[in-house]
Amino acid sequence: IHVGKPDWPDSHFRFLMREHVVPVCSPQFLKENPIRTPEALISMPLLEMASRPEAWQHWFSTLGVKRSHREGMRFEQFMHVSQACIAGLGVALMPLFLIQAELQEGTLVKAIDRAIESRSSYYFVTPANRQPHPAATRLSDWLSAEIEAAGLA
């Protein structure tokens, strides 16, 4: 499974799903730092994924907010980003499908309810120069069905 753009050479890509991200934080952080507009986030500590250094800039520009880039605390894994948010270290852009449980439990809240489509999508990737293995085809079909059933397609 590849996250990003269908840009691996000599590969066949089967689109699985788009990704929508939303700014989230802990309920206590939001209580201490009321956020009413996207512009209010500019002065907040913004947590980042190391693999997505321009995610915040994309979020702001999609909403028409002018902001010069300033780096925030960076993490390698989404799990670490969500834990940093839960600990009250700041606000992070998180894929909605990854944080459904935390939102339902209330350990994370939307800092502002402005989800956008990120620049990343999810693909099932196989080598272009080989016939797909039947097991890979079944897995790809199953993933697509699960994503559709979950309403993520």
# chains A, B, ... in the order shown; residues from 1 in each chain; ligands from 1

call {"tool": "closest_atom_pairs", "arguments": {"of": "range 78-127 of chain A", "to": "range 5-18 of chain A", "cutoff": "12 Å", "atoms": "only C-alpha atoms", "output": "JSON lines"}}
result
{"residue": "A:Pro95", "atom": "CA", "partner": "A:Arg18", "partner_atom": "CA", "distance": 9.9}
{"residue": "A:Leu96", "atom": "CA", "partner": "A:Arg18", "partner_atom": "CA", "distance": 10.8}
{"residue": "A:Phe97", "atom": "CA", "partner": "A:Arg18", "partner_atom": "CA", "distance": 10.4}
{"residue": "A:Ile116", "atom": "CA", "partner": "A:Arg18", "partner_atom": "CA", "distance": 10.5}
{"residue": "A:Glu117", "atom": "CA", "partner": "A:Arg18", "partner_atom": "CA", "distance": 7.1}
{"residue": "A:Ser118", "atom": "CA", "partner": "A:Arg18", "partner_atom": "CA", "distance": 7.7}
{"residue": "A:Arg119", "atom": "CA", "partner": "A:Lys5", "partner_atom": "CA", "distance": 7.8}
{"residue": "A:Ser120", "atom": "CA", "partner": "A:Lys5", "partner_atom": "CA", "distance": 6.2}
{"residue": "A:Ser121", "atom": "CA", "partner": "A:Arg18", "partner_atom": "CA", "distance": 4.4}
{"residue": "A:Tyr122", "atom": "CA", "partner": "A:Met17", "partner_atom": "CA", "distance": 5.3}
{"residue": "A:Tyr123", "atom": "CA", "partner": "A:Phe15", "partner_atom": "CA", "distance": 4.6}
{"residue": "A:Phe124", "atom": "CA", "partner": "A:Arg14", "partner_atom": "CA", "distance": 5.0}
{"residue": "A:Val125", "atom": "CA", "partner": "A:Phe13", "partner_atom": "CA", "distance": 4.7}
{"residue": "A:Thr126", "atom": "CA", "partner": "A:His12", "partner_atom": "CA", "distance": 5.3}
{"residue": "A:Pro127", "atom": "CA", "partner": "A:Ser11", "partner_atom": "CA", "distance": 4.5}

call {"tool": "residues_around", "arguments": {"residues": "Leu47 in chain A", "least_positions_apart": "3", "cutoff": "7 Å", "atoms": "only C-alpha atoms", "output": "number ranges by chain"}}
result
A: 72-74, 81, 90-92

call {"tool": "write_last_selection", "arguments": {"atoms": "N, CA and C atoms", "output": "PDB file, in the first residue's frame"}}
result
ATOM      1  N   GLY A  72       6.978  23.183  12.949  1.00  0.00           N
ATOM      2  CA  GLY A  72       6.505  22.776  14.262  1.00  0.00           C
ATOM      3  C   GLY A  72       7.258  21.530  14.698  1.00  0.00           C
ATOM      4  N   MET A  73       6.862  20.990  15.821  1.00  0.00           N
ATOM      5  CA  MET A  73       7.445  19.747  16.299  1.00  0.00           C
ATOM      6  C   MET A  73       7.092  18.646  15.301  1.00  0.00           C
ATOM      7  N   ARG A  74       8.077  17.848  14.909  1.00  0.00           N
ATOM      8  CA  ARG A  74       7.852  16.816  13.895  1.00  0.00           C
ATOM      9  C   ARG A  74       7.970  15.419  14.479  1.00  0.00           C
ATOM     10  N   VAL A  81       2.085  11.420  16.647  1.00  0.00           N
ATOM     11  CA  VAL A  81       1.424  12.728  16.530  1.00  0.00           C
ATOM     12  C   VAL A  81       0.152  12.752  17.373  1.00  0.00           C
ATOM     13  N   GLY A  90      -0.071  20.396  21.312  1.00  0.00           N
ATOM     14  CA  GLY A  90      -0.420  21.279  20.210  1.00  0.00           C
ATOM     15  C   GLY A  90      -1.536  20.726  19.351  1.00  0.00           C
ATOM     16  N   VAL A  91      -1.578  21.230  18.113  1.00  0.00           N
ATOM     17  CA  VAL A  91      -2.616  20.875  17.150  1.00  0.00           C
ATOM     18  C   VAL A  91      -1.943  20.160  15.984  1.00  0.00           C
ATOM     19  N   ALA A  92      -2.575  19.097  15.501  1.00  0.00           N
ATOM     20  CA  ALA A  92      -2.022  18.349  14.371  1.00  0.00           C
ATOM     21  C   ALA A  92      -3.078  18.130  13.310  1.00  0.00           C
TER      22      ALA A  92
END

call {"tool": "closest_residue", "arguments": {"among": "A:Ile147, A:Ala40, A:Met49, A:Leu108", "to": "Ala87 in chain A", "atoms": "only C-alpha atoms"}}
result
A:Leu108

call {"tool": "residues_around", "arguments": {"residues": "range 27-37 of chain A", "least_positions_apart": "2", "cutoff": "10 Å", "atoms": "only C-alpha atoms", "output": "list in words"}}
result
Val24, Cys25, Glu39, Ala40, Leu41, Ile42, Met44, Cys85, Ile86, Ala87, Gly88, Leu89, Gly90, Val91, Gly106, Thr107, Leu108, Val109, Lys110, Ala111, Ile112, Asp113 and Arg114 of chain A

call {"tool": "write_last_selection", "arguments": {"atoms": "N, CA, C and O atoms", "output": "CSV table (one decimal), in the first residue's frame"}}
result
chain,number,residue,atom,x,y,z
A,24,VAL,N,-6.7,18.6,14.9
A,24,VAL,CA,-7.2,18.0,16.1
A,24,VAL,C,-6.2,18.4,17.3
A,24,VAL,O,-5.1,18.7,17.1
A,25,CYS,N,-6.8,18.3,18.5
A,25,CYS,CA,-6.0,18.6,19.7
A,25,CYS,C,-6.7,17.9,20.8
A,25,CYS,O,-7.8,17.3,20.7
A,39,GLU,N,-7.4,31.1,11.0
A,39,GLU,CA,-6.3,32.1,11.2
A,39,GLU,C,-5.8,32.0,12.7
A,39,GLU,O,-4.6,32.2,12.9
A,40,ALA,N,-6.7,31.6,13.6
A,40,ALA,CA,-6.3,31.4,15.0
A,40,ALA,C,-5.2,30.4,15.2
A,40,ALA,O,-4.5,30.4,16.1
A,41,LEU,N,-5.2,29.4,14.2
A,41,LEU,CA,-4.2,28.3,14.4
A,41,LEU,C,-2.8,28.8,14.1
A,41,LEU,O,-1.8,28.1,14.5
A,42,ILE,N,-2.6,29.9,13.4
A,42,ILE,CA,-1.3,30.4,13.0
A,42,ILE,C,-0.4,30.5,14.2
A,42,ILE,O,0.8,30.2,14.1
A,44,MET,N,-0.7,28.9,17.1
A,44,MET,CA,-0.6,27.7,17.9
A,44,MET,C,0.6,26.9,17.6
A,44,MET,O,1.1,26.9,16.5
A,85,CYS,N,-0.8,15.1,20.6
A,85,CYS,CA,-2.0,15.9,20.8
A,85,CYS,C,-2.7,15.6,22.0
A,85,CYS,O,-3.2,16.5,22.8
A,86,ILE,N,-2.9,14.3,22.3
A,86,ILE,CA,-3.6,13.9,23.5
A,86,ILE,C,-2.9,14.4,24.8
A,86,ILE,O,-3.5,14.8,25.7
A,87,ALA,N,-1.6,14.5,24.7
A,87,ALA,CA,-0.8,15.0,25.8
A,87,ALA,C,-0.8,16.5,25.9
A,87,ALA,O,-0.3,17.1,26.9
A,88,GLY,N,-1.5,17.2,24.9
A,88,GLY,CA,-1.7,18.6,25.0
A,88,GLY,C,-0.5,19.5,24.4
A,88,GLY,O,-0.4,20.6,24.7
A,89,LEU,N,0.3,18.9,23.6
A,89,LEU,CA,1.4,19.6,23.0
A,89,LEU,C,1.1,20.5,21.9
A,89,LEU,O,2.0,21.3,21.5
A,90,GLY,N,-0.1,20.4,21.3
A,90,GLY,CA,-0.4,21.3,20.2
A,90,GLY,C,-1.5,20.7,19.4
A,90,GLY,O,-2.3,19.9,19.8
A,91,VAL,N,-1.6,21.2,18.1
A,91,VAL,CA,-2.6,20.9,17.2
A,91,VAL,C,-1.9,20.2,16.0
A,91,VAL,O,-0.9,20.6,15.5
A,106,GLY,N,-13.4,11.0,22.8
A,106,GLY,CA,-13.2,12.3,23.3
A,106,GLY,C,-11.8,12.6,23.7
A,106,GLY,O,-11.5,13.7,24.3
A,107,THR,N,-10.8,11.7,23.4
A,107,THR,CA,-9.4,12.0,23.8
A,107,THR,C,-8.8,13.0,22.8
A,107,THR,O,-7.9,13.7,23.1
A,108,LEU,N,-9.4,13.1,21.6
A,108,LEU,CA,-9.1,14.1,20.7
A,108,LEU,C,-10.4,14.8,20.2
A,108,LEU,O,-11.4,14.2,20.2
A,109,VAL,N,-10.3,16.1,19.9
A,109,VAL,CA,-11.4,16.9,19.4
A,109,VAL,C,-10.9,17.6,18.2
A,109,VAL,O,-9.7,17.9,18.0
A,110,LYS,N,-11.9,18.0,17.3
A,110,LYS,CA,-11.5,18.8,16.2
A,110,LYS,C,-11.2,20.2,16.7
A,110,LYS,O,-12.1,20.8,17.4
A,111,ALA,N,-10.0,20.7,16.4
A,111,ALA,CA,-9.7,22.1,16.9
A,111,ALA,C,-10.6,23.1,16.2
A,111,ALA,O,-11.0,24.1,16.7
A,112,ILE,N,-10.9,22.8,14.9
A,112,ILE,CA,-11.8,23.6,14.1
A,112,ILE,C,-12.3,22.6,13.0
A,112,ILE,O,-11.5,21.8,12.5
A,113,ASP,N,-13.6,22.6,12.8
A,113,ASP,CA,-14.2,21.6,11.9
A,113,ASP,C,-14.0,22.0,10.4
A,113,ASP,O,-15.0,22.3,9.8
A,114,ARG,N,-12.8,21.9,10.0
A,114,ARG,CA,-12.5,22.3,8.6
A,114,ARG,C,-11.6,21.2,8.0
A,114,ARG,O,-10.4,21.4,7.8

call {"tool": "closest_residue", "arguments": {"among": "A:Ala150, A:Ala145, A:Leu93, A:Ala128", "to": "Phe60 in chain A", "atoms": "only C-alpha atoms"}}
result
A:Leu93

call {"tool": "closest_residue", "arguments": {"among": "A:Glu19, A:Glu148, A:Glu76, A:Glu71", "to": "Met94 in chain A", "atoms": "only C-alpha atoms"}}
result
A:Glu19

call {"tool": "closest_residue", "arguments": {"among": "A:Ser26, A:Asn129, A:Ser51, A:Ser144", "to": "Ala84 in chain A", "atoms": "only C-alpha atoms"}}
result
A:Ser26

call {"tool": "atom_distance", "arguments": {"atom1": "CA of Val65 in chain A", "atom2": "CA of Val3 in chain A"}}
result
26.2 Å

call {"tool": "closest_residue", "arguments": {"among": "A:Val21, A:Ile1, A:Leu98, A:Ala50", "to": "Thr62 in chain A", "atoms": "only C-alpha atoms"}}
result
A:Val21

call {"tool": "select_by_dssp", "arguments": {"residues": "range 14-125 of chain A", "states": "helix (DSSP H, G or I)", "output": "ChimeraX atom specification"}}
result
/A:27-32,38-43,55-62,78-86,96-98,100-105

call {"tool": "select_by_dssp", "arguments": {"residues": "chain A", "states": "strand (DSSP E or B)", "output": "JSON, numbers by chain"}}
result
{"A": [2, 3, 4, 11, 12, 13, 14, 15, 16, 17, 18, 19, 20, 21, 22, 23, 24, 25, 46, 47, 48, 49, 74, 75, 91, 92, 93, 94, 95, 109, 110, 116, 117, 118, 119, 120, 121, 122, 123, 124, 125, 126, 127]}

call {"tool": "decode", "arguments": {"residues": "range 42-98 of chain A", "atoms": "C-alpha atoms", "output": "PDB file, in the first residue's frame"}}
result
ATOM      1  CA  ILE A  42      -1.302  30.370  12.993  1.00  0.00           C
ATOM      2  CA  SER A  43      -0.107  31.238  16.497  1.00  0.00           C
ATOM      3  CA  MET A  44      -0.646  27.733  17.939  1.00  0.00           C
ATOM      4  CA  PRO A  45       2.008  25.030  18.282  1.00  0.00           C
ATOM      5  CA  LEU A  46       1.442  22.997  15.115  1.00  0.00           C
ATOM      6  CA  LEU A  47       2.561  19.375  15.156  1.00  0.00           C
ATOM      7  CA  GLU A  48       3.778  17.840  11.911  1.00  0.00           C
ATOM      8  CA  MET A  49       4.510  14.531  10.249  1.00  0.00           C
ATOM      9  CA  ALA A  50       8.122  14.416   9.077  1.00  0.00           C
ATOM     10  CA  SER A  51       6.961  12.869   5.799  1.00  0.00           C
ATOM     11  CA  ARG A  52       4.464  15.713   5.212  1.00  0.00           C
ATOM     12  CA  PRO A  53       6.309  18.949   5.910  1.00  0.00           C
ATOM     13  CA  GLU A  54       3.965  21.031   3.747  1.00  0.00           C
ATOM     14  CA  ALA A  55       0.663  19.661   5.059  1.00  0.00           C
ATOM     15  CA  TRP A  56      -0.133  22.690   7.184  1.00  0.00           C
ATOM     16  CA  GLN A  57       0.742  25.103   4.381  1.00  0.00           C
ATOM     17  CA  HIS A  58      -1.612  23.161   2.082  1.00  0.00           C
ATOM     18  CA  TRP A  59      -4.390  23.245   4.707  1.00  0.00           C
ATOM     19  CA  PHE A  60      -4.041  26.993   5.229  1.00  0.00           C
ATOM     20  CA  SER A  61      -3.820  27.804   1.521  1.00  0.00           C
ATOM     21  CA  THR A  62      -6.820  25.575   0.706  1.00  0.00           C
ATOM     22  CA  LEU A  63      -8.828  27.701   3.130  1.00  0.00           C
ATOM     23  CA  GLY A  64      -7.453  30.937   1.673  1.00  0.00           C
ATOM     24  CA  VAL A  65      -5.354  31.783   4.734  1.00  0.00           C
ATOM     25  CA  LYS A  66      -1.994  33.405   4.081  1.00  0.00           C
ATOM     26  CA  ARG A  67       0.703  32.049   6.349  1.00  0.00           C
ATOM     27  CA  SER A  68       4.455  31.936   6.073  1.00  0.00           C
ATOM     28  CA  HIS A  69       5.935  28.552   6.855  1.00  0.00           C
ATOM     29  CA  ARG A  70       7.254  27.952  10.321  1.00  0.00           C
ATOM     30  CA  GLU A  71       8.232  24.500  11.407  1.00  0.00           C
ATOM     31  CA  GLY A  72       6.505  22.776  14.262  1.00  0.00           C
ATOM     32  CA  MET A  73       7.445  19.747  16.299  1.00  0.00           C
ATOM     33  CA  ARG A  74       7.852  16.816  13.895  1.00  0.00           C
ATOM     34  CA  PHE A  75       7.102  13.144  14.368  1.00  0.00           C
ATOM     35  CA  GLU A  76       7.733  10.052  12.257  1.00  0.00           C
ATOM     36  CA  GLN A  77       4.452   8.209  12.867  1.00  0.00           C
ATOM     37  CA  PHE A  78       0.813   9.296  13.066  1.00  0.00           C
ATOM     38  CA  MET A  79       0.500   7.358  16.322  1.00  0.00           C
ATOM     39  CA  HIS A  80       3.155   9.619  17.865  1.00  0.00           C
ATOM     40  CA  VAL A  81       1.424  12.728  16.530  1.00  0.00           C
ATOM     41  CA  SER A  82      -1.903  11.688  18.024  1.00  0.00           C
ATOM     42  CA  GLN A  83      -0.258  10.894  21.370  1.00  0.00           C
ATOM     43  CA  ALA A  84       1.431  14.312  21.373  1.00  0.00           C
ATOM     44  CA  CYS A  85      -1.983  15.893  20.750  1.00  0.00           C
ATOM     45  CA  ILE A  86      -3.586  13.868  23.517  1.00  0.00           C
ATOM     46  CA  ALA A  87      -0.771  15.023  25.826  1.00  0.00           C
ATOM     47  CA  GLY A  88      -1.671  18.632  25.001  1.00  0.00           C
ATOM     48  CA  LEU A  89       1.450  19.584  23.040  1.00  0.00           C
ATOM     49  CA  GLY A  90      -0.420  21.279  20.210  1.00  0.00           C
ATOM     50  CA  VAL A  91      -2.616  20.875  17.150  1.00  0.00           C
ATOM     51  CA  ALA A  92      -2.022  18.349  14.371  1.00  0.00           C
ATOM     52  CA  LEU A  93      -3.507  17.619  10.976  1.00  0.00           C
ATOM     53  CA  MET A  94      -4.679  14.046  11.145  1.00  0.00           C
ATOM     54  CA  PRO A  95      -6.356  11.786   8.603  1.00  0.00           C
ATOM     55  CA  LEU A  96      -9.947  11.409   9.776  1.00  0.00           C
ATOM     56  CA  PHE A  97     -10.048   7.659   9.236  1.00  0.00           C
ATOM     57  CA  LEU A  98      -7.079   7.160  11.588  1.00  0.00           C
TER      58      LEU A  98
END
